[in-house]
Amino acid sequence: MNLFAELALTPEGWAKNVRVTVDQIGRIAAVESGVEANPDDQYLRNRILLPALANLHSHSFQRAMSGLTEKRLQKRDSFWSWRELMYSFLERLTPEQMEAIAALVFMEMLECGYASVGEFHYVHHQCGGQHYENIAETSCRVISAAQKAGIGLTHLPVLYTQGGLNGKALADGQLRFGNKSDEFLELLEHVEPAIRDAPEDYLLGIAPHSLRAVSPESLKEIIEARTSGPVHIHIAEQLKEVDDVLENYGARPVEWLLQNVNVDSRWCLIHATHMIQAETRNVAKSGAVVGLCPITEANLGDGVFDGSELLSSGGKYGIGSDSNVFIALTEELRLLEYSQRLAQKGRNVMTSKSGSVGSAIYNDALAGGAQALGRKSGSLSPGNWADFLTLDAEALSLWGCSDDEFLDRWIFTADDSLVCEVWSAGRQMVSHGQHIHHQEIEQRYRTVIQEIQK
Ligand SMILES: [Zn+2]
């Protein structure tokens, strides 16, 4: 497949008259600029070609509870009261329903311009904790949904061993998540064949849920057992979690993790909202990516992380849609910058150099997202997966601008409706802004919502 675009964002910057050649398995074979279109090229007329982002953190099933938790129930609702609602919502979900919800979520991600996703998957068992006949049943459902939608997947089965710090027993809603480390390793063995049968860009990582849900011994055991592939963990999202870890372990969560585990470039620290300066600097030094989820963090009232400290320390970050309360790529990027502006009472924060902030955020999120998912992606470079999107160059919001200003205009003055076509590892799944299986996937989801509401 050859694509031809009049304007594209390449590793060398903006280039005109660009031909991208994609091989049979979906990798970029060549990128040429300043060339003429060939008659057999797919000519992207009035389009701007960009490398597409990875969405590094998602719990797809939570999409079906979006909008159901915005009612005030306590004098001070919080992340913890939201978590109770999430547990009770889960009691009703079957593997078939999880698959249909995940397919919708992955379709929506593609339609707003993400080419791949890291699915942080923790609902493994039946209500009450009994295993399905295949211990990896729900993981296989997620993999199947990703294939249906055509999104690139890094599947991250979650280890969840305890209901709270110091071996607290799993409570009702958590029984569906629980595995001891040996059961978890068995689960991974059952996921591996499904990943092997999936497209070549599909990967398997692991996700110890959090310091509160995984004992230090179990954390050590699974890290020792899985010596390659991405490792994701929720960390320092809530102040209560920081206080509890400090009280029980004698160190702050990120501080404790860095002191007790070999955190390196395989790692993605999800949220890492509440870090002190030394923690931020040490995360940057470790080579790990910080996984920021601005819409969900705002929705849950987590707080605002220190973006300028991370950037000045040379730290890396990527973007995730987490609870999927609203799947919107430009809004994630915009809110990332705006939350920093509000917190710091200044402008143009999320860049370490002068020039376009939109471009800095987009390029940082490309590199951080690809690293976090262990996915060879993030730029129009030979050898990378062909993860692309196009923007409508004729859109009023982009009219009359050039180069980096396209990204500033797209992120700060427009929205995802400017996304026209999207490819994931060479699979073109979105055409004229709509997923090729949109009607079928949406219809199935509507049926599921009706079933859940009964
Ligand atoms: Zn999460």
# chains A, B, ... in the order shown; residues from 1 in each chain; ligands from 1
>>> closest_atom_pairs(of="chain A", to="ligand 1", cutoff="9 Å", atoms="only C-alpha atoms and all ligand atoms", output="Markdown table")
| residue | atom | partner | partner_atom_place_in_ligand_line | distance |
| --- | --- | --- | --- | --- |
| A:His57 | CA | ligand 1 | 1 (Zn) | 6.5 |
| A:Ser58 | CA | ligand 1 | 1 (Zn) | 6.5 |
| A:His59 | CA | ligand 1 | 1 (Zn) | 6.4 |
| A:Phe120 | CA | ligand 1 | 1 (Zn) | 7.0 |
| A:His209 | CA | ligand 1 | 1 (Zn) | 8.6 |
| A:Ile233 | CA | ligand 1 | 1 (Zn) | 8.6 |
| A:His234 | CA | ligand 1 | 1 (Zn) | 6.4 |
| A:Ile270 | CA | ligand 1 | 1 (Zn) | 7.0 |
| A:His271 | CA | ligand 1 | 1 (Zn) | 8.1 |
| A:Cys293 | CA | ligand 1 | 1 (Zn) | 8.4 |
| A:Thr296 | CA | ligand 1 | 1 (Zn) | 8.7 |
| A:Gly320 | CA | ligand 1 | 1 (Zn) | 8.7 |
| A:Ser321 | CA | ligand 1 | 1 (Zn) | 8.6 |
| A:Asp322 | CA | ligand 1 | 1 (Zn) | 5.0 |
| A:Ser323 | CA | ligand 1 | 1 (Zn) | 6.6 |
>>> residues_around(residues="A:Leu187", least_positions_apart="3", cutoff="6 Å", atoms="only C-alpha atoms", output="number ranges by chain")
A: 135-136, 184, 190
>>> closest_residue(among="A:Arg47, A:Lys220, A:Arg212, A:Arg341", to="A:Asn262", atoms="only C-alpha atoms")
A:Lys220
>>> atom_distance(atom1="atom CA of A:Asp172", atom2="atom CA of A:Ser88")
9.2 Å
>>> select_by_dssp(residues="stretch 246-328 of chain A", states="strand (DSSP E or B)", output="number ranges by chain")
A: 267-271, 289-292, 316-319, 322
>>> write_last_selection(atoms="N, CA and C atoms", output="PDB file, in the first residue's frame")
ATOM      1  N   TRP A 267       8.513   0.259  32.255  1.00  0.00           N
ATOM      2  CA  TRP A 267       7.444   0.629  33.188  1.00  0.00           C
ATOM      3  C   TRP A 267       6.648   1.849  32.737  1.00  0.00           C
ATOM      4  N   CYS A 268       5.359   1.805  33.091  1.00  0.00           N
ATOM      5  CA  CYS A 268       4.515   2.976  32.921  1.00  0.00           C
ATOM      6  C   CYS A 268       3.792   3.214  34.248  1.00  0.00           C
ATOM      7  N   LEU A 269       4.042   4.371  34.845  1.00  0.00           N
ATOM      8  CA  LEU A 269       3.416   4.719  36.126  1.00  0.00           C
ATOM      9  C   LEU A 269       2.155   5.526  35.830  1.00  0.00           C
ATOM     10  N   ILE A 270       1.004   4.859  36.018  1.00  0.00           N
ATOM     11  CA  ILE A 270      -0.265   5.499  35.665  1.00  0.00           C
ATOM     12  C   ILE A 270      -0.668   6.517  36.739  1.00  0.00           C
ATOM     13  N   HIS A 271      -0.943   7.709  36.311  1.00  0.00           N
ATOM     14  CA  HIS A 271      -1.308   8.895  37.103  1.00  0.00           C
ATOM     15  C   HIS A 271      -0.062   9.559  37.710  1.00  0.00           C
ATOM     16  N   VAL A 289       7.768   5.771  31.781  1.00  0.00           N
ATOM     17  CA  VAL A 289       6.815   6.756  31.257  1.00  0.00           C
ATOM     18  C   VAL A 289       5.760   7.018  32.323  1.00  0.00           C
ATOM     19  N   VAL A 290       5.349   8.263  32.469  1.00  0.00           N
ATOM     20  CA  VAL A 290       4.204   8.586  33.331  1.00  0.00           C
ATOM     21  C   VAL A 290       2.952   8.584  32.457  1.00  0.00           C
ATOM     22  N   GLY A 291       1.938   7.840  32.886  1.00  0.00           N
ATOM     23  CA  GLY A 291       0.697   7.717  32.099  1.00  0.00           C
ATOM     24  C   GLY A 291      -0.358   8.678  32.617  1.00  0.00           C
ATOM     25  N   LEU A 292      -0.563   9.780  31.910  1.00  0.00           N
ATOM     26  CA  LEU A 292      -1.504  10.806  32.355  1.00  0.00           C
ATOM     27  C   LEU A 292      -2.870  10.601  31.694  1.00  0.00           C
ATOM     28  N   LYS A 316       9.336  11.451  30.755  1.00  0.00           N
ATOM     29  CA  LYS A 316       8.479  11.131  29.601  1.00  0.00           C
ATOM     30  C   LYS A 316       7.051  10.894  30.069  1.00  0.00           C
ATOM     31  N   TYR A 317       6.110  11.214  29.189  1.00  0.00           N
ATOM     32  CA  TYR A 317       4.715  10.931  29.521  1.00  0.00           C
ATOM     33  C   TYR A 317       3.953  10.540  28.266  1.00  0.00           C
ATOM     34  N   GLY A 318       2.811   9.895  28.488  1.00  0.00           N
ATOM     35  CA  GLY A 318       1.870   9.601  27.404  1.00  0.00           C
ATOM     36  C   GLY A 318       0.468   9.818  27.943  1.00  0.00           C
ATOM     37  N   ILE A 319      -0.530   9.567  27.071  1.00  0.00           N
ATOM     38  CA  ILE A 319      -1.919   9.913  27.395  1.00  0.00           C
ATOM     39  C   ILE A 319      -2.792   8.656  27.404  1.00  0.00           C
ATOM     40  N   ASP A 322      -8.344   6.010  30.305  1.00  0.00           N
ATOM     41  CA  ASP A 322      -8.656   5.439  31.613  1.00  0.00           C
ATOM     42  C   ASP A 322     -10.105   4.980  31.769  1.00  0.00           C
TER      43      ASP A 322
END
>>> residues_around(residues="A:Ala288", least_positions_apart="6", cutoff="12 Å", atoms="only C-alpha atoms", output="number ranges by chain")
A: 230-233, 254, 257-258, 262-270, 272, 280-282, 310, 314-318, 367-369, 371-374
>>> write_last_selection(atoms="N, CA and C atoms", output="mmCIF file, in the first residue's frame")
data_model
loop_
_atom_site.group_PDB
_atom_site.id
_atom_site.type_symbol
_atom_site.label_atom_id
_atom_site.label_comp_id
_atom_site.auth_asym_id
_atom_site.auth_seq_id
_atom_site.Cartn_x
_atom_site.Cartn_y
_atom_site.Cartn_z
ATOM 1 N N PRO A 230 5.925 -4.749 28.585
ATOM 2 C CA PRO A 230 5.528 -3.601 29.404
ATOM 3 C C PRO A 230 4.981 -3.993 30.790
ATOM 4 N N VAL A 231 5.245 -3.125 31.767
ATOM 5 C CA VAL A 231 4.706 -3.275 33.123
ATOM 6 C C VAL A 231 4.020 -1.954 33.493
ATOM 7 N N HIS A 232 2.731 -2.035 33.769
ATOM 8 C CA HIS A 232 1.985 -0.820 34.134
ATOM 9 C C HIS A 232 1.450 -0.948 35.559
ATOM 10 N N ILE A 233 1.420 0.159 36.274
ATOM 11 C CA ILE A 233 0.877 0.162 37.650
ATOM 12 C C ILE A 233 0.189 1.505 37.918
ATOM 13 N N VAL A 254 5.570 6.336 45.086
ATOM 14 C CA VAL A 254 6.570 6.322 44.006
ATOM 15 C C VAL A 254 7.966 6.103 44.598
ATOM 16 N N LEU A 257 8.294 2.414 45.438
ATOM 17 C CA LEU A 257 8.423 1.585 44.227
ATOM 18 C C LEU A 257 9.845 1.682 43.667
ATOM 19 N N LEU A 258 10.362 2.903 43.588
ATOM 20 C CA LEU A 258 11.695 3.087 43.009
ATOM 21 C C LEU A 258 12.785 2.468 43.890
ATOM 22 N N ASN A 262 13.071 -2.763 40.402
ATOM 23 C CA ASN A 262 13.900 -2.197 39.338
ATOM 24 C C ASN A 262 13.013 -1.555 38.262
ATOM 25 N N VAL A 263 12.622 -0.320 38.515
ATOM 26 C CA VAL A 263 11.764 0.398 37.561
ATOM 27 C C VAL A 263 12.640 0.940 36.430
ATOM 28 N N ASP A 264 12.313 0.548 35.203
ATOM 29 C CA ASP A 264 13.104 1.004 34.051
ATOM 30 C C ASP A 264 12.177 1.378 32.900
ATOM 31 N N SER A 265 12.693 1.380 31.690
ATOM 32 C CA SER A 265 11.906 1.868 30.550
ATOM 33 C C SER A 265 10.754 0.937 30.170
ATOM 34 N N ARG A 266 10.672 -0.267 30.771
ATOM 35 C CA ARG A 266 9.502 -1.139 30.553
ATOM 36 C C ARG A 266 8.288 -0.601 31.289
ATOM 37 N N TRP A 267 8.513 0.259 32.255
ATOM 38 C CA TRP A 267 7.444 0.629 33.188
ATOM 39 C C TRP A 267 6.648 1.849 32.737
ATOM 40 N N CYS A 268 5.359 1.805 33.091
ATOM 41 C CA CYS A 268 4.515 2.976 32.921
ATOM 42 C C CYS A 268 3.792 3.214 34.248
ATOM 43 N N LEU A 269 4.042 4.371 34.845
ATOM 44 C CA LEU A 269 3.416 4.719 36.126
ATOM 45 C C LEU A 269 2.155 5.526 35.830
ATOM 46 N N ILE A 270 1.004 4.859 36.018
ATOM 47 C CA ILE A 270 -0.265 5.499 35.665
ATOM 48 C C ILE A 270 -0.668 6.517 36.739
ATOM 49 N N ALA A 272 0.545 8.922 38.725
ATOM 50 C CA ALA A 272 1.692 9.537 39.417
ATOM 51 C C ALA A 272 1.392 11.014 39.715
ATOM 52 N N THR A 280 9.684 12.881 41.298
ATOM 53 C CA THR A 280 9.550 13.213 39.867
ATOM 54 C C THR A 280 10.907 13.069 39.181
ATOM 55 N N ARG A 281 11.945 13.584 39.811
ATOM 56 C CA ARG A 281 13.281 13.516 39.201
ATOM 57 C C ARG A 281 13.755 12.075 39.065
ATOM 58 N N ASN A 282 13.460 11.265 40.082
ATOM 59 C CA ASN A 282 13.906 9.866 40.033
ATOM 60 C C ASN A 282 13.104 9.037 39.023
ATOM 61 N N LEU A 310 8.242 17.569 35.713
ATOM 62 C CA LEU A 310 8.526 16.359 34.925
ATOM 63 C C LEU A 310 9.337 16.725 33.674
ATOM 64 N N GLY A 314 13.455 16.019 32.397
ATOM 65 C CA GLY A 314 13.653 15.144 31.230
ATOM 66 C C GLY A 314 12.755 13.916 31.263
ATOM 67 N N GLY A 315 11.650 13.999 31.998
ATOM 68 C CA GLY A 315 10.738 12.850 32.112
ATOM 69 C C GLY A 315 9.868 12.660 30.879
ATOM 70 N N LYS A 316 9.336 11.451 30.755
ATOM 71 C CA LYS A 316 8.479 11.131 29.601
ATOM 72 C C LYS A 316 7.051 10.894 30.069
ATOM 73 N N TYR A 317 6.110 11.214 29.189
ATOM 74 C CA TYR A 317 4.715 10.931 29.521
ATOM 75 C C TYR A 317 3.953 10.540 28.266
ATOM 76 N N GLY A 318 2.811 9.895 28.488
ATOM 77 C CA GLY A 318 1.870 9.601 27.404
ATOM 78 C C GLY A 318 0.468 9.818 27.943
ATOM 79 N N ALA A 367 5.765 9.683 21.517
ATOM 80 C CA ALA A 367 6.928 8.895 21.945
ATOM 81 C C ALA A 367 6.624 8.149 23.244
ATOM 82 N N GLY A 368 5.997 8.839 24.206
ATOM 83 C CA GLY A 368 5.708 8.214 25.500
ATOM 84 C C GLY A 368 4.704 7.079 25.369
ATOM 85 N N GLY A 369 3.674 7.300 24.547
ATOM 86 C CA GLY A 369 2.646 6.268 24.357
ATOM 87 C C GLY A 369 3.228 5.020 23.723
ATOM 88 N N GLN A 371 6.362 4.003 23.713
ATOM 89 C CA GLN A 371 7.257 3.309 24.660
ATOM 90 C C GLN A 371 6.463 2.538 25.707
ATOM 91 N N ALA A 372 5.428 3.167 26.245
ATOM 92 C CA ALA A 372 4.645 2.532 27.307
ATOM 93 C C ALA A 372 3.976 1.248 26.816
ATOM 94 N N LEU A 373 3.560 1.226 25.551
ATOM 95 C CA LEU A 373 2.891 0.031 25.021
ATOM 96 C C LEU A 373 3.887 -0.965 24.435
ATOM 97 N N GLY A 374 5.170 -0.644 24.450
ATOM 98 C CA GLY A 374 6.166 -1.536 23.839
ATOM 99 C C GLY A 374 5.903 -1.682 22.350
#
>>> atom_distance(atom1="atom CA of A:Ala52", atom2="atom CA of A:Ala207")
23.9 Å
